[in-house]
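Down below is the structure, laid out as structure tokens.
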Amino acid sequence: MKARKTARYDGLAEWYDERFVVDAEPHQPGLLDLLGPGSGPCLDIGCGTGRNLGTIRVSGRTPVGLDYSIDQLGRARTRTDGPLLHGDAAVLPFADASFDTAVSMWISTDVDDFGAVLREAARVLRPGGILVAYGVHPCFNGPHVVYEDDGRRTVHPTYRQSGWHTDMPWWGEDGIRRRIGMSHLTLADYLNAVVDSGLVIERFEEPGGYDIPHALAFRARKAEDLGRLPDRDRGDRFGQDGQVGCGGLGAGARVGGGSEGDGGQAQGRDGAYGNALDETDRHREPPSGW
Ligand SMILES: C[S@@+](CC[C@H](N)C(=O)[O-])C[C@H]1O[C@@H](n2cnc3c(N)ncnc32)[C@H](O)[C@@H]1O
């Protein structure tokens with residue numbers, strides 16, 4: 001698969017960060033529980049401005065951020081001195097079985113093909129490795145859902161229209177979706193994308209404390225006996241030597257030598273990043289911003 005040329009999130013990093021990260025309500029309640037304690041590099045697929053890097057560190061792991069937007073990565077650089085890579089989640093610039101842990105936080109609506117991302121996550125995980133994903137709840141959140149002022153939500157018949165949506169009358173003028181658009185998967189399409197990745201689901205959650213969930217999260221594991229996944233169309237994106245991080249985008253993108261500047265080692269660099277989000281804080285209101 002060829003990478004897109006333009007990044008939808010370029011030019012929005014400062015706005016996104018101020019609106020959804022700095023002083024914003026927590027967006028990943030329970031992430032530490034789903035991750036559990038661990039060690040070693042954890043790939044943050046679509047890391048954006050890096051709001052999950054601190055939580056990954058708190059779990060004991062060393063975050064390795066990857067995003068398609070250089071602009072977002074620039075902001076993420078303020079939150080880590082570790083590796084950040086410019087790359088496409090659907091064509092990950094890593095050899096098979098490179099990571100014990102990966103997270104995919106709030107990107108299912110922003111990538112062209114979430115199924116391809118999940119398959120790539122499965123490929124770069126080692127047998128026994130885990131993927132934790134948070135994203136928009138396919139039923140109660142998305143282009144087909146209107147957040148009413150009284151707390152109800154209206155679900156429109158467009159629910160069944162999986163695919164990219166660019167304009168919904170109920171999207172706010174100043175919201176993220178009017179700027180970016182949004183990919184929607186029905187619940188069945190979403191779950192089947194997980195099943196088709198070959199990862200084995202261990203847990204689903206509908207995080208957040210309010211009555212109608214807006215998020216769906218899961219932890220899935222690469223089976224111990226799965227071994228190397230069957231080769232798919234690999235193109236020329238992997239190096240001959242199978243090293244971690246033979247970059248698909250940009251020069252020299254490798255764990256420990258990210259394309260976003262000073263890229264440190266994936267392991268062993270113990271940065272002083274102290275911006276962990278408070279996992280005990282629970283959402284009181286559904287997030288706005290569509
Ligand atoms: C809603 S933001 C979420 C960012 C971050 N995970 C968070 O929780 O704040 C979606 C992110 O996905 C990134 N993205 C979209 N398509 C991508 C792709 N094909 N490969 C890598 N990142 C991508 C965007 O650049 C953006 O940073």
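Starting from 1 in every chain, residues are counted up; chains themselves are A, B, ... following the order of the structure tokens, and ligands are numbered from 1 as listed.
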**Q.** Given 9 Å and only C-alpha atoms and all ligand atoms, residues near ligand 1 as JSON, numbers by chain
**A.** {"A": [3, 4, 7, 8, 9, 10, 13, 16, 17, 20, 21, 27, 28, 44, 45, 46, 47, 48, 49, 50, 51, 52, 66, 67, 68, 69, 70, 71, 72, 73, 86, 87, 88, 89, 90, 91, 92, 103, 104, 105, 106, 107, 108, 109, 110, 111, 112, 113, 114, 117, 134, 135, 176]}
Q) Counting only C-alpha atoms, which of A:Ile56, A:Leu31, A:Ile212, A:Ala122 gets nearest to Gly151 of chain A? A) A:Ile212
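The interatomic distance for the pair atom CA of Leu185 of chain A and atom CA of Leu131 of chain A works out to 19.1 Å.
Closest approach to Leu118 of chain A from the set A:Ala220, A:Val145, A:Val155, A:Val58 is made by A:Ala220, with distances taken over only C-alpha atoms.
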Q.
I want to know what sits within 9 Å of Trp170 of chain A, based on only C-alpha atoms, with residues of the same chain fewer than 3 positions away left out; could you give that as a PyMOL selection string?
A. chain A and resi 143+145-147+167+290
Could you turn the residues from that selection into a file that holds N, CA and C atoms, as an mmCIF file, in the first residue's frame?
data_model
loop_
_atom_site.group_PDB
_atom_site.id
_atom_site.type_symbol
_atom_site.label_atom_id
_atom_site.label_comp_id
_atom_site.auth_asym_id
_atom_site.auth_seq_id
_atom_site.Cartn_x
_atom_site.Cartn_y
_atom_site.Cartn_z
ATOM 1 N N PRO A 143 -20.054 9.744 12.825
ATOM 2 C CA PRO A 143 -20.729 10.702 11.945
ATOM 3 C C PRO A 143 -22.247 10.561 11.949
ATOM 4 N N VAL A 145 -24.033 10.133 14.694
ATOM 5 C CA VAL A 145 -24.540 10.413 16.042
ATOM 6 C C VAL A 145 -24.541 11.913 16.318
ATOM 7 N N VAL A 146 -25.676 12.370 16.861
ATOM 8 C CA VAL A 146 -25.772 13.762 17.297
ATOM 9 C C VAL A 146 -25.785 13.788 18.823
ATOM 10 N N TYR A 147 -24.873 14.552 19.400
ATOM 11 C CA TYR A 147 -24.861 14.763 20.845
ATOM 12 C C TYR A 147 -25.875 15.873 21.151
ATOM 13 N N ASP A 167 -18.694 15.662 5.917
ATOM 14 C CA ASP A 167 -19.553 16.803 6.253
ATOM 15 C C ASP A 167 -20.863 16.305 6.838
ATOM 16 N N TRP A 290 -16.635 17.325 18.165
ATOM 17 C CA TRP A 290 -16.974 16.920 16.803
ATOM 18 C C TRP A 290 -17.375 18.150 16.028
#
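Of the listed residues A:Phe99, A:Phe204, A:Phe140, A:Trp164, the one whose atoms come nearest to Gly40 of chain A is A:Phe99, with distances taken using only C-alpha atoms.
Note that DSSP on the backbone gives strand (DSSP E) to these residues of segment 6-125 of chain A: Pro41, Cys42, Leu43, Asp44, Ile45, Thr62, Pro63, Val64, Gly65, Leu66, Asp67, Leu84, Leu85, His86, Phe99, Asp100, Thr101, Ala102, Val103, Ser104, Met105 and Leu125 of chain A.
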Q) Which residue out of A:Glu148, A:Asp174, A:Asp100, A:Glu224 has the minimum interatomic distance to Trp15 of chain A when only C-alpha atoms are used? A) A:Asp174
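In this comparison, which uses only C-alpha atoms, the residue of A:Arg57, A:Arg178, A:Arg119, A:His214 approaching Arg153 of chain A most closely is A:His214.
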**Q.** Gap from atom CA of Ala116 of chain A to atom CA of Ala133 of chain A - Å, one decimal
**A.** 14.1 Å
Q. With distances taken over only C-alpha atoms, which of A:Arg219, A:Arg177, A:His184, A:Arg160 is nearest to His137 of chain A?
A. A:His184
Q: Could you find all residues in segment 16-219 of chain A that DSSP calls alpha helix (DSSP H) from the backbone, and write them as a ChimeraX atom specification?
A: /A:16-20,31-35,53-58,70-76,114-124,176-180,187-196
Q: Identify, on the basis of only C-alpha atoms, every residue whose closest approach to Arg61 of chain A does not exceed 9 Å; exclude the query and any residue fewer than 6 positions from it along the same chain; express the result as number ranges by chain.
A: A: 37-42, 101, 267
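Interatomic distance, atom CA of Pro93 of chain A to atom CA of Arg79 of chain A: 22.1 Å.
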Q. Near Arg126 of chain A, counting only C-alpha atoms, which residues have an atom at most 12 Å away, once you skip same-chain residues fewer than 5 positions from it, shown as a ChimeraX atom specification?
A. /A:41-42,94-102,120-121,131,199,221-229
